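Worksheet: one structure, shown below.
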Amino acid sequence: MAKGFTDLGKDEEMLDLLEWSSKKHQGDVIAKTNSDQINRIHRTRRFKNEELEVDVVIIDYSDSAIKKRFVNYSTSESEISDSPALELNIYNYRPGGFSVEVNKFYEEIFSFIESNHNKPINIVFSPPETNQSEFYKITTINLLTSGLWWLIVYTISIGIFGFIIIKTLNRTNFAIFTKRAIFALLGTILATPLPFPATIFVIVLPSVMALPAIGSDYFLRIQTFAIPSLIVSAALCVLISTYVIKGSKSENI
């Protein structure tokens, strides 16, 4: 907590889902599996540090009756005994191994545990070393791929919705400036690419998909992506409006 981590506690949403599923599958294999998962989640606490981009998960195996670990350590660097223990998992979600800062955090927390624990610490997996060249390589590829997909989604979306908006505006007697403003506003609202969950993946789709069912909390969660996406989309919509919506020479000036 001194390092700025937020205590997320148990995964209450997953507990609710598993308990609901268990009631539907009473007595069968699924119910037994769910029961094991529920028991494990009750013994699990999660901590998160947004600045370091690190999650720490602590699983309580202090009950000597628990003989089986949840994860298979067959490829680990050391074997896990059945003796009571606390399992500490540190996750740094970045390519190219742990960052320099997270490796430093690992050393600090390891030293803290070692100085407050009178038994050997069993290291299952050593933290991956920092590889900045790999980090920059994968980050660049991901950025270019994301940018290309963003452009494809935007082009298709503005092509469809822009055509409809222009056809509708051409039936009105609005001034050229008003038509362009309406086009830019509606185009931004309908065509801006935003991320949406698709099973375990996230896919970028036009923002019109968010209008029917997703509340404001959705936009708060994705604001780091949504804000620059909306800015770029709005700028492109304004630019497109000046080319596709024409008026008299005086109006264009």
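FYI, nothing fancy with the structure tokens labels: chains A, B, ... in order, residues from 1 per chain, ligands from 1 as they appear.
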
Problem - Spatial neighbours of region 174-189 of chain A, max dist 10 Å, only C-alpha atoms, sep filter under 3 positions, as a PyMOL selection string - result: chain A and resi 154+157-166+168-171+192-193+206-208+210-211+229-248+251-252

Exercise for the section: Name all residues at most 12 Å from Ile113 (chain A) (count only C-alpha atoms; drop same-chain ones fewer than 6 positions away) and give them as a list in words. Expected result: Leu86, Leu88, Tyr106, Glu107, Lys119, Pro120, Ile121 and Asn122 of chain A

Kindly export the residues of the current selection with N, CA, C and O atoms, as a PDB file, in the first residue's frame.
```
ATOM      1  N   LEU A  86       1.767 -18.629   1.044  1.00  0.00           N
ATOM      2  CA  LEU A  86       1.088 -17.555   0.330  1.00  0.00           C
ATOM      3  C   LEU A  86       1.719 -17.469  -1.054  1.00  0.00           C
ATOM      4  O   LEU A  86       2.939 -17.414  -1.181  1.00  0.00           O
ATOM      5  N   LEU A  88       2.353 -15.386  -4.363  1.00  0.00           N
ATOM      6  CA  LEU A  88       2.386 -13.988  -4.788  1.00  0.00           C
ATOM      7  C   LEU A  88       2.655 -13.926  -6.287  1.00  0.00           C
ATOM      8  O   LEU A  88       3.688 -14.407  -6.754  1.00  0.00           O
ATOM      9  N   TYR A 106      10.024  -5.311  -7.798  1.00  0.00           N
ATOM     10  CA  TYR A 106      10.152  -6.735  -7.462  1.00  0.00           C
ATOM     11  C   TYR A 106      11.267  -6.947  -6.443  1.00  0.00           C
ATOM     12  O   TYR A 106      11.098  -7.683  -5.470  1.00  0.00           O
ATOM     13  N   GLU A 107      12.411  -6.320  -6.682  1.00  0.00           N
ATOM     14  CA  GLU A 107      13.538  -6.466  -5.757  1.00  0.00           C
ATOM     15  C   GLU A 107      13.178  -5.933  -4.367  1.00  0.00           C
ATOM     16  O   GLU A 107      13.531  -6.525  -3.344  1.00  0.00           O
ATOM     17  N   LYS A 119      11.631 -18.278   6.685  1.00  0.00           N
ATOM     18  CA  LYS A 119      11.793 -19.483   5.868  1.00  0.00           C
ATOM     19  C   LYS A 119      12.161 -19.073   4.446  1.00  0.00           C
ATOM     20  O   LYS A 119      11.885 -17.957   4.022  1.00  0.00           O
ATOM     21  N   PRO A 120      12.776 -19.987   3.684  1.00  0.00           N
ATOM     22  CA  PRO A 120      13.181 -19.650   2.313  1.00  0.00           C
ATOM     23  C   PRO A 120      11.970 -19.283   1.438  1.00  0.00           C
ATOM     24  O   PRO A 120      10.894 -19.846   1.581  1.00  0.00           O
ATOM     25  N   ILE A 121      12.197 -18.352   0.539  1.00  0.00           N
ATOM     26  CA  ILE A 121      11.163 -17.965  -0.420  1.00  0.00           C
ATOM     27  C   ILE A 121      11.324 -18.820  -1.670  1.00  0.00           C
ATOM     28  O   ILE A 121      12.423 -18.922  -2.225  1.00  0.00           O
ATOM     29  N   ASN A 122      10.226 -19.425  -2.102  1.00  0.00           N
ATOM     30  CA  ASN A 122      10.256 -20.295  -3.266  1.00  0.00           C
ATOM     31  C   ASN A 122       9.905 -19.474  -4.508  1.00  0.00           C
ATOM     32  O   ASN A 122       8.766 -19.056  -4.685  1.00  0.00           O
TER      33      ASN A 122
END
```

Practice task
Give the helix (DSSP H, G or I) residues of region 46-227 of chain A, as DSSP finds them on the backbone, and put them as a PyMOL selection string.
Solution key: chain A and resi 100-115+132-169+176-191+207-210+216-221+223-227

Produce a file of the selected residues containing C-alpha atoms, as a short mmCIF file (atom, residue, chain, number, x, y, z; two decimals), in the first residue's frame.
```cif
data_model
loop_
_atom_site.label_atom_id
_atom_site.label_comp_id
_atom_site.auth_asym_id
_atom_site.auth_seq_id
_atom_site.Cartn_x
_atom_site.Cartn_y
_atom_site.Cartn_z
CA VAL A 100 13.04 -1.19 -15.14
CA GLU A 101 10.68 0.29 -12.53
CA VAL A 102 8.82 -2.99 -12.03
CA ASN A 103 12.04 -4.96 -11.70
CA LYS A 104 13.06 -2.49 -9.01
CA PHE A 105 9.68 -2.96 -7.30
CA TYR A 106 10.15 -6.73 -7.46
CA GLU A 107 13.54 -6.47 -5.76
CA GLU A 108 12.06 -4.22 -3.06
CA ILE A 109 9.10 -6.46 -2.29
CA PHE A 110 11.33 -9.55 -2.36
CA SER A 111 13.70 -7.95 0.14
CA PHE A 112 10.77 -6.88 2.32
CA ILE A 113 9.33 -10.41 2.44
CA GLU A 114 12.76 -11.96 2.98
CA SER A 115 13.50 -9.67 5.94
CA GLN A 132 13.74 -2.26 -24.44
CA SER A 133 14.42 -3.10 -28.10
CA GLU A 134 11.67 -5.73 -27.99
CA PHE A 135 9.39 -3.24 -26.22
CA TYR A 136 9.90 -0.56 -28.91
CA LYS A 137 9.58 -3.08 -31.74
CA ILE A 138 6.27 -4.57 -30.55
CA THR A 139 4.90 -1.20 -29.46
CA THR A 140 5.62 0.29 -32.89
CA ILE A 141 4.03 -2.66 -34.70
CA ASN A 142 0.96 -2.51 -32.46
CA LEU A 143 0.68 1.26 -32.94
CA LEU A 144 0.88 1.01 -36.73
CA THR A 145 -1.57 -1.90 -36.81
CA SER A 146 -4.01 -0.08 -34.52
CA GLY A 147 -3.69 3.10 -36.58
CA LEU A 148 -4.38 1.22 -39.82
CA TRP A 149 -7.42 -0.55 -38.34
CA TRP A 150 -8.66 2.79 -36.91
CA LEU A 151 -8.42 4.33 -40.39
CA ILE A 152 -10.24 1.40 -42.02
CA VAL A 153 -13.09 1.53 -39.47
CA TYR A 154 -13.34 5.31 -39.76
CA THR A 155 -13.29 5.29 -43.59
CA ILE A 156 -16.06 2.71 -43.85
CA SER A 157 -18.14 4.35 -41.11
CA ILE A 158 -17.88 7.92 -42.40
CA GLY A 159 -18.51 6.63 -45.92
CA ILE A 160 -21.83 5.09 -44.86
CA PHE A 161 -23.03 7.65 -42.34
CA GLY A 162 -21.55 10.59 -44.22
CA PHE A 163 -23.49 9.66 -47.35
CA ILE A 164 -26.75 9.50 -45.35
CA ILE A 165 -26.03 12.81 -43.57
CA ILE A 166 -25.21 14.62 -46.83
CA LYS A 167 -28.31 13.30 -48.59
CA THR A 168 -30.45 14.47 -45.69
CA LEU A 169 -28.78 17.90 -45.46
CA ILE A 176 -23.46 26.07 -45.87
CA PHE A 177 -21.72 26.68 -42.54
CA THR A 178 -24.61 25.07 -40.65
CA LYS A 179 -24.58 22.05 -42.93
CA ARG A 180 -20.87 21.57 -42.43
CA ALA A 181 -21.22 21.93 -38.66
CA ILE A 182 -24.03 19.35 -38.57
CA PHE A 183 -22.02 16.96 -40.75
CA ALA A 184 -18.94 17.29 -38.52
CA LEU A 185 -20.96 16.83 -35.32
CA LEU A 186 -23.01 13.83 -36.48
CA GLY A 187 -20.05 12.26 -38.26
CA THR A 188 -17.99 12.45 -35.07
CA ILE A 189 -20.79 11.03 -32.92
CA LEU A 190 -21.56 8.15 -35.29
CA ALA A 191 -18.28 7.22 -36.95
CA SER A 207 -19.05 4.83 -31.88
CA VAL A 208 -22.66 4.39 -33.05
CA MET A 209 -22.40 0.93 -31.50
CA ALA A 210 -22.07 2.55 -28.06
CA SER A 216 -21.43 7.04 -19.51
CA ASP A 217 -19.21 4.81 -17.34
CA TYR A 218 -18.09 3.09 -20.55
CA PHE A 219 -16.65 6.35 -21.88
CA LEU A 220 -14.94 7.01 -18.55
CA ARG A 221 -13.23 3.61 -18.70
CA GLN A 223 -11.21 7.84 -22.08
CA THR A 224 -7.47 7.41 -22.76
CA PHE A 225 -8.42 5.96 -26.16
CA ALA A 226 -11.69 7.84 -26.72
CA ILE A 227 -10.41 11.41 -26.26
#
```

As a CSV table (one decimal) with all heavy atoms, in the first residue's frame, which residues of region 37-249 of chain A does DSSP assign to strand (DSSP E or B)?
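Resulting contents of selection_12.csv:
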```csv
chain,number,residue,atom,x,y,z
A,44,THR,N,-8.3,-15.1,-2.4
A,44,THR,CA,-7.4,-14.3,-3.3
A,44,THR,C,-7.7,-12.8,-3.1
A,44,THR,O,-8.9,-12.4,-3.1
A,44,THR,CB,-7.7,-14.7,-4.8
A,44,THR,OG1,-7.4,-16.0,-5.0
A,44,THR,CG2,-6.8,-13.8,-5.7
A,45,ARG,N,-6.6,-12.0,-3.0
A,45,ARG,CA,-6.7,-10.6,-3.0
A,45,ARG,C,-5.9,-10.0,-4.1
A,45,ARG,O,-4.8,-10.4,-4.5
A,45,ARG,CB,-6.2,-10.0,-1.6
A,45,ARG,CG,-7.2,-10.3,-0.5
A,45,ARG,CD,-6.6,-9.7,0.8
A,45,ARG,NE,-6.7,-8.2,0.7
A,45,ARG,CZ,-6.2,-7.4,1.7
A,45,ARG,NH1,-5.7,-8.0,2.8
A,45,ARG,NH2,-6.3,-6.1,1.6
A,46,ARG,N,-6.5,-8.9,-4.7
A,46,ARG,CA,-5.8,-8.2,-5.8
A,46,ARG,C,-5.4,-6.8,-5.5
A,46,ARG,O,-6.2,-6.1,-4.9
A,46,ARG,CB,-6.8,-8.3,-7.0
A,46,ARG,CG,-7.1,-9.7,-7.5
A,46,ARG,CD,-8.1,-9.7,-8.6
A,46,ARG,NE,-8.4,-11.0,-9.1
A,46,ARG,CZ,-7.7,-11.7,-10.0
A,46,ARG,NH1,-6.7,-11.1,-10.6
A,46,ARG,NH2,-7.9,-12.9,-10.3
A,47,PHE,N,-4.3,-6.4,-6.0
A,47,PHE,CA,-3.8,-5.0,-5.8
A,47,PHE,C,-3.3,-4.5,-7.2
A,47,PHE,O,-2.8,-5.3,-8.0
A,47,PHE,CB,-2.6,-5.0,-4.8
A,47,PHE,CG,-2.9,-5.5,-3.4
A,47,PHE,CD1,-2.9,-6.9,-3.2
A,47,PHE,CD2,-3.3,-4.6,-2.4
A,47,PHE,CE1,-3.2,-7.4,-1.9
A,47,PHE,CE2,-3.6,-5.1,-1.2
A,47,PHE,CZ,-3.6,-6.5,-0.9
A,48,LYS,N,-3.6,-3.2,-7.4
A,48,LYS,CA,-3.3,-2.6,-8.7
A,48,LYS,C,-2.6,-1.3,-8.5
A,48,LYS,O,-2.9,-0.5,-7.7
A,48,LYS,CB,-4.5,-2.5,-9.5
A,48,LYS,CG,-4.3,-2.1,-11.0
A,48,LYS,CD,-5.6,-2.0,-11.7
A,48,LYS,CE,-5.4,-1.8,-13.2
A,48,LYS,NZ,-4.8,-3.0,-13.8
A,49,ASN,N,-1.5,-1.1,-9.4
A,49,ASN,CA,-0.8,0.2,-9.4
A,49,ASN,C,-0.9,0.7,-10.9
A,49,ASN,O,-0.3,0.1,-11.8
A,49,ASN,CB,0.6,0.0,-9.0
A,49,ASN,CG,1.3,1.3,-8.9
A,49,ASN,OD1,1.3,2.2,-9.8
A,49,ASN,ND2,2.0,1.6,-7.7
A,54,VAL,N,1.0,-2.4,-13.0
A,54,VAL,CA,1.3,-3.7,-12.3
A,54,VAL,C,0.1,-4.2,-11.5
A,54,VAL,O,-0.6,-3.4,-10.8
A,54,VAL,CB,2.5,-3.5,-11.3
A,54,VAL,CG1,2.7,-4.8,-10.5
A,54,VAL,CG2,3.8,-3.3,-12.1
A,55,ASP,N,-0.2,-5.5,-11.6
A,55,ASP,CA,-1.2,-6.1,-10.8
A,55,ASP,C,-0.4,-7.1,-9.9
A,55,ASP,O,0.5,-7.8,-10.3
A,55,ASP,CB,-2.2,-6.9,-11.6
A,55,ASP,CG,-3.2,-5.9,-12.3
A,55,ASP,OD1,-3.1,-4.7,-12.1
A,55,ASP,OD2,-4.1,-6.4,-13.0
A,56,VAL,N,-0.8,-7.2,-8.6
A,56,VAL,CA,-0.3,-8.2,-7.7
A,56,VAL,C,-1.4,-9.0,-7.1
A,56,VAL,O,-2.4,-8.4,-6.6
A,56,VAL,CB,0.5,-7.5,-6.5
A,56,VAL,CG1,1.0,-8.6,-5.5
A,56,VAL,CG2,1.7,-6.7,-7.1
A,57,VAL,N,-1.4,-10.3,-7.3
A,57,VAL,CA,-2.4,-11.2,-6.8
A,57,VAL,C,-1.8,-12.1,-5.7
A,57,VAL,O,-0.8,-12.7,-5.9
A,57,VAL,CB,-3.0,-12.1,-8.0
A,57,VAL,CG1,-4.0,-13.0,-7.4
A,57,VAL,CG2,-3.5,-11.2,-9.1
A,58,ILE,N,-2.5,-12.1,-4.5
A,58,ILE,CA,-2.0,-12.9,-3.4
A,58,ILE,C,-3.0,-14.0,-3.2
A,58,ILE,O,-4.2,-13.7,-2.9
A,58,ILE,CB,-1.8,-12.1,-2.2
A,58,ILE,CG1,-0.7,-11.0,-2.4
A,58,ILE,CG2,-1.3,-13.0,-1.0
A,58,ILE,CD1,-0.5,-10.1,-1.3
A,59,ILE,N,-2.6,-15.3,-3.2
A,59,ILE,CA,-3.5,-16.4,-3.0
A,59,ILE,C,-3.1,-17.1,-1.7
A,59,ILE,O,-1.9,-17.4,-1.5
A,59,ILE,CB,-3.5,-17.4,-4.2
A,59,ILE,CG1,-3.7,-16.6,-5.5
A,59,ILE,CG2,-4.5,-18.5,-4.0
A,59,ILE,CD1,-3.6,-17.5,-6.7
A,60,ASP,N,-4.0,-17.3,-0.8
A,60,ASP,CA,-3.8,-17.9,0.5
A,60,ASP,C,-3.9,-19.4,0.4
A,60,ASP,O,-4.9,-20.0,0.2
A,60,ASP,CB,-4.8,-17.3,1.5
A,60,ASP,CG,-4.6,-17.8,2.9
A,60,ASP,OD1,-3.6,-18.6,3.1
A,60,ASP,OD2,-5.4,-17.4,3.8
A,61,TYR,N,-2.7,-20.1,0.6
A,61,TYR,CA,-2.7,-21.5,0.7
A,61,TYR,C,-2.2,-21.9,2.1
A,61,TYR,O,-1.5,-22.9,2.3
A,61,TYR,CB,-1.7,-22.1,-0.3
A,61,TYR,CG,-2.2,-22.0,-1.8
A,61,TYR,CD1,-1.7,-21.1,-2.7
A,61,TYR,CD2,-3.2,-22.9,-2.2
A,61,TYR,CE1,-2.1,-21.1,-4.0
A,61,TYR,CE2,-3.7,-22.8,-3.5
A,61,TYR,CZ,-3.1,-21.9,-4.4
A,61,TYR,OH,-3.6,-21.9,-5.7
A,85,ALA,N,1.4,-21.9,2.5
A,85,ALA,CA,2.1,-20.9,1.8
A,85,ALA,C,1.2,-19.8,1.4
A,85,ALA,O,-0.1,-19.9,1.3
A,85,ALA,CB,2.9,-21.4,0.7
A,86,LEU,N,1.8,-18.6,1.0
A,86,LEU,CA,1.1,-17.6,0.3
A,86,LEU,C,1.7,-17.5,-1.1
A,86,LEU,O,2.9,-17.4,-1.2
A,86,LEU,CB,1.2,-16.2,1.1
A,86,LEU,CG,0.5,-16.0,2.3
A,86,LEU,CD1,0.8,-14.7,2.9
A,86,LEU,CD2,-1.0,-16.2,2.1
A,87,GLU,N,0.9,-17.5,-2.1
A,87,GLU,CA,1.4,-17.4,-3.4
A,87,GLU,C,1.2,-15.9,-3.9
A,87,GLU,O,0.2,-15.4,-3.9
A,87,GLU,CB,0.6,-18.3,-4.4
A,87,GLU,CG,1.0,-18.3,-5.8
A,87,GLU,CD,0.2,-19.2,-6.7
A,87,GLU,OE1,0.3,-20.5,-6.5
A,87,GLU,OE2,-0.6,-18.8,-7.5
A,88,LEU,N,2.4,-15.4,-4.4
A,88,LEU,CA,2.4,-14.0,-4.8
A,88,LEU,C,2.7,-13.9,-6.3
A,88,LEU,O,3.7,-14.4,-6.8
A,88,LEU,CB,3.5,-13.2,-4.0
A,88,LEU,CG,3.6,-11.7,-4.2
A,88,LEU,CD1,2.4,-11.1,-3.6
A,88,LEU,CD2,4.9,-11.2,-3.6
A,89,ASN,N,1.7,-13.4,-7.0
A,89,ASN,CA,1.8,-13.2,-8.5
A,89,ASN,C,2.0,-11.8,-8.9
A,89,ASN,O,1.1,-11.0,-8.5
A,89,ASN,CB,0.6,-13.8,-9.2
A,89,ASN,CG,0.4,-15.3,-8.8
A,89,ASN,OD1,1.1,-16.2,-9.4
A,89,ASN,ND2,-0.4,-15.6,-7.9
A,90,ILE,N,3.0,-11.4,-9.6
A,90,ILE,CA,3.2,-10.0,-10.1
A,90,ILE,C,3.1,-10.0,-11.6
A,90,ILE,O,3.8,-10.7,-12.3
A,90,ILE,CB,4.6,-9.5,-9.6
A,90,ILE,CG1,4.7,-9.6,-8.1
A,90,ILE,CG2,4.8,-8.1,-10.1
A,90,ILE,CD1,6.1,-9.2,-7.6
A,91,TYR,N,2.2,-9.1,-12.1
A,91,TYR,CA,2.0,-9.0,-13.5
A,91,TYR,C,2.3,-7.6,-14.0
A,91,TYR,O,1.8,-6.7,-13.4
A,91,TYR,CB,0.5,-9.3,-13.8
A,91,TYR,CG,0.0,-10.7,-13.4
A,91,TYR,CD1,-0.6,-10.9,-12.2
A,91,TYR,CD2,0.3,-11.8,-14.2
A,91,TYR,CE1,-1.1,-12.1,-11.8
A,91,TYR,CE2,-0.2,-13.1,-13.7
A,91,TYR,CZ,-0.9,-13.2,-12.5
A,91,TYR,OH,-1.3,-14.4,-12.1
A,92,ASN,N,3.1,-7.5,-15.0
A,92,ASN,CA,3.4,-6.3,-15.7
A,92,ASN,C,3.0,-6.4,-17.1
A,92,ASN,O,3.7,-7.1,-17.9
A,92,ASN,CB,4.9,-5.9,-15.5
A,92,ASN,CG,5.3,-4.6,-16.1
A,92,ASN,OD1,6.4,-4.4,-16.4
A,92,ASN,ND2,4.4,-3.7,-16.2
A,193,PRO,N,-14.1,5.7,-34.3
A,193,PRO,CA,-13.8,4.3,-33.8
A,193,PRO,C,-13.5,4.3,-32.3
A,193,PRO,O,-12.7,5.1,-31.8
A,193,PRO,CB,-12.5,4.0,-34.6
A,193,PRO,CG,-12.5,4.9,-35.8
A,193,PRO,CD,-13.1,6.2,-35.3
A,194,LEU,N,-14.1,3.3,-31.6
A,194,LEU,CA,-14.0,3.2,-30.2
A,194,LEU,C,-13.8,1.7,-29.9
A,194,LEU,O,-14.3,0.8,-30.6
A,194,LEU,CB,-15.2,3.7,-29.4
A,194,LEU,CG,-15.5,5.2,-29.4
A,194,LEU,CD1,-16.8,5.5,-28.7
A,194,LEU,CD2,-14.3,6.0,-28.8
A,195,PRO,N,-13.1,1.3,-28.8
A,195,PRO,CA,-12.9,-0.1,-28.4
A,195,PRO,C,-14.1,-0.7,-27.8
A,195,PRO,O,-14.7,-0.1,-26.9
A,195,PRO,CB,-11.7,-0.1,-27.5
A,195,PRO,CG,-11.8,1.3,-26.8
A,195,PRO,CD,-12.4,2.2,-27.8
A,196,PHE,N,-14.4,-2.0,-28.2
A,196,PHE,CA,-15.6,-2.7,-27.6
A,196,PHE,C,-15.1,-4.1,-27.2
A,196,PHE,O,-14.3,-4.7,-28.0
A,196,PHE,CB,-16.7,-2.8,-28.6
A,196,PHE,CG,-17.4,-1.5,-28.9
A,196,PHE,CD1,-16.9,-0.7,-29.9
A,196,PHE,CD2,-18.5,-1.1,-28.1
A,196,PHE,CE1,-17.5,0.6,-30.2
A,196,PHE,CE2,-19.1,0.2,-28.4
A,196,PHE,CZ,-18.6,1.0,-29.4
A,197,PRO,N,-15.5,-4.6,-26.1
A,197,PRO,CA,-15.2,-6.0,-25.7
A,197,PRO,C,-15.9,-7.0,-26.6
A,197,PRO,O,-17.0,-6.9,-26.9
A,197,PRO,CB,-15.7,-6.1,-24.3
A,197,PRO,CG,-16.8,-5.1,-24.2
A,197,PRO,CD,-16.4,-4.0,-25.1
A,198,ALA,N,-15.1,-8.0,-27.1
A,198,ALA,CA,-15.6,-9.1,-27.9
A,198,ALA,C,-15.0,-10.4,-27.3
A,198,ALA,O,-13.9,-10.8,-27.7
A,198,ALA,CB,-15.3,-8.9,-29.4
A,201,PHE,N,-11.3,-10.7,-26.4
A,201,PHE,CA,-10.6,-9.7,-27.2
A,201,PHE,C,-11.3,-8.3,-27.1
A,201,PHE,O,-12.5,-8.2,-26.7
A,201,PHE,CB,-10.5,-10.1,-28.7
A,201,PHE,CG,-9.8,-11.4,-28.9
A,201,PHE,CD1,-10.6,-12.6,-29.1
A,201,PHE,CD2,-8.5,-11.5,-28.8
A,201,PHE,CE1,-9.9,-13.8,-29.3
A,201,PHE,CE2,-7.8,-12.7,-29.0
A,201,PHE,CZ,-8.6,-13.9,-29.2
A,202,VAL,N,-10.6,-7.3,-27.6
A,202,VAL,CA,-11.2,-5.9,-27.7
A,202,VAL,C,-11.1,-5.6,-29.2
A,202,VAL,O,-10.0,-5.7,-29.8
A,202,VAL,CB,-10.5,-4.9,-26.8
A,202,VAL,CG1,-11.0,-3.5,-27.1
A,202,VAL,CG2,-10.6,-5.3,-25.4
A,203,ILE,N,-12.2,-5.1,-29.8
A,203,ILE,CA,-12.2,-4.8,-31.2
A,203,ILE,C,-12.7,-3.3,-31.3
A,203,ILE,O,-13.5,-2.8,-30.5
A,203,ILE,CB,-13.1,-5.7,-32.0
A,203,ILE,CG1,-13.0,-5.4,-33.5
A,203,ILE,CG2,-14.6,-5.6,-31.5
A,203,ILE,CD1,-13.7,-6.4,-34.3
A,204,VAL,N,-12.1,-2.6,-32.3
A,204,VAL,CA,-12.4,-1.2,-32.5
A,204,VAL,C,-13.6,-1.1,-33.5
A,204,VAL,O,-13.5,-1.7,-34.6
A,204,VAL,CB,-11.2,-0.4,-33.0
A,204,VAL,CG1,-11.6,1.0,-33.4
A,204,VAL,CG2,-10.2,-0.4,-32.0
A,205,LEU,N,-14.7,-0.5,-33.2
A,205,LEU,CA,-15.8,-0.4,-34.0
A,205,LEU,C,-16.3,1.1,-34.0
A,205,LEU,O,-15.9,1.9,-33.1
A,205,LEU,CB,-17.0,-1.3,-33.5
A,205,LEU,CG,-16.7,-2.8,-33.6
A,205,LEU,CD1,-17.8,-3.6,-32.9
A,205,LEU,CD2,-16.5,-3.3,-35.0
A,206,PRO,N,-17.2,1.5,-34.9
A,206,PRO,CA,-17.7,2.9,-34.9
A,206,PRO,C,-18.5,3.2,-33.6
A,206,PRO,O,-19.2,2.3,-33.0
A,206,PRO,CB,-18.6,2.9,-36.1
A,206,PRO,CG,-18.9,1.5,-36.5
A,206,PRO,CD,-17.7,0.7,-36.1
```

Handout entry: Residues near Glu129 (chain A), cut-off 8 Å, only C-alpha atoms, skip fewer than 5 positions along chain, as a list in words
Key =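 The neighbour list is Gly96, Gly97, Phe98, Ser99 and Asn103 of chain A.
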
Please produce a file of those selected residues containing C-alpha atoms, as a JSON list (two decimals), in the first residue's frame.
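Wrote it out as out_21.json, contents follow:
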```json
[["chain", "number", "residue", "atom", "x", "y", "z"],
["A", 96, "GLY", "CA", 9.76, -6.83, -23.62],
["A", 97, "GLY", "CA", 9.69, -8.22, -20.09],
["A", 98, "PHE", "CA", 9.26, -6.27, -16.87],
["A", 99, "SER", "CA", 10.06, -2.57, -17.04],
["A", 103, "ASN", "CA", 12.04, -4.96, -11.70]]
```

Problem - Point-to-point distance from CA of Lys3 (chain A) to CA of Glu51 (chain A), Å rounded to tenths - result: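 So the two atoms, CA of Lys3 (chain A) and CA of Glu51 (chain A), lie 10.2 Å apart.
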
Exercise for the section: To one decimal in Å, tell me the separation between CA of Pro127 (chain A) and CA of Met14 (chain A). Expected result: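 We find that CA of Pro127 (chain A) and CA of Met14 (chain A) lie 27.6 Å from each other.
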
Problem - Shortest interatomic distance to Asp11 (chain A) - which of A:His42, A:Asp63, A:Pro128, A:Glu50, counting only C-alpha atoms - result: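 Of A:His42, A:Asp63, A:Pro128, A:Glu50, the one nearest Asp11 (chain A), counting only C-alpha atoms, is A:His42.
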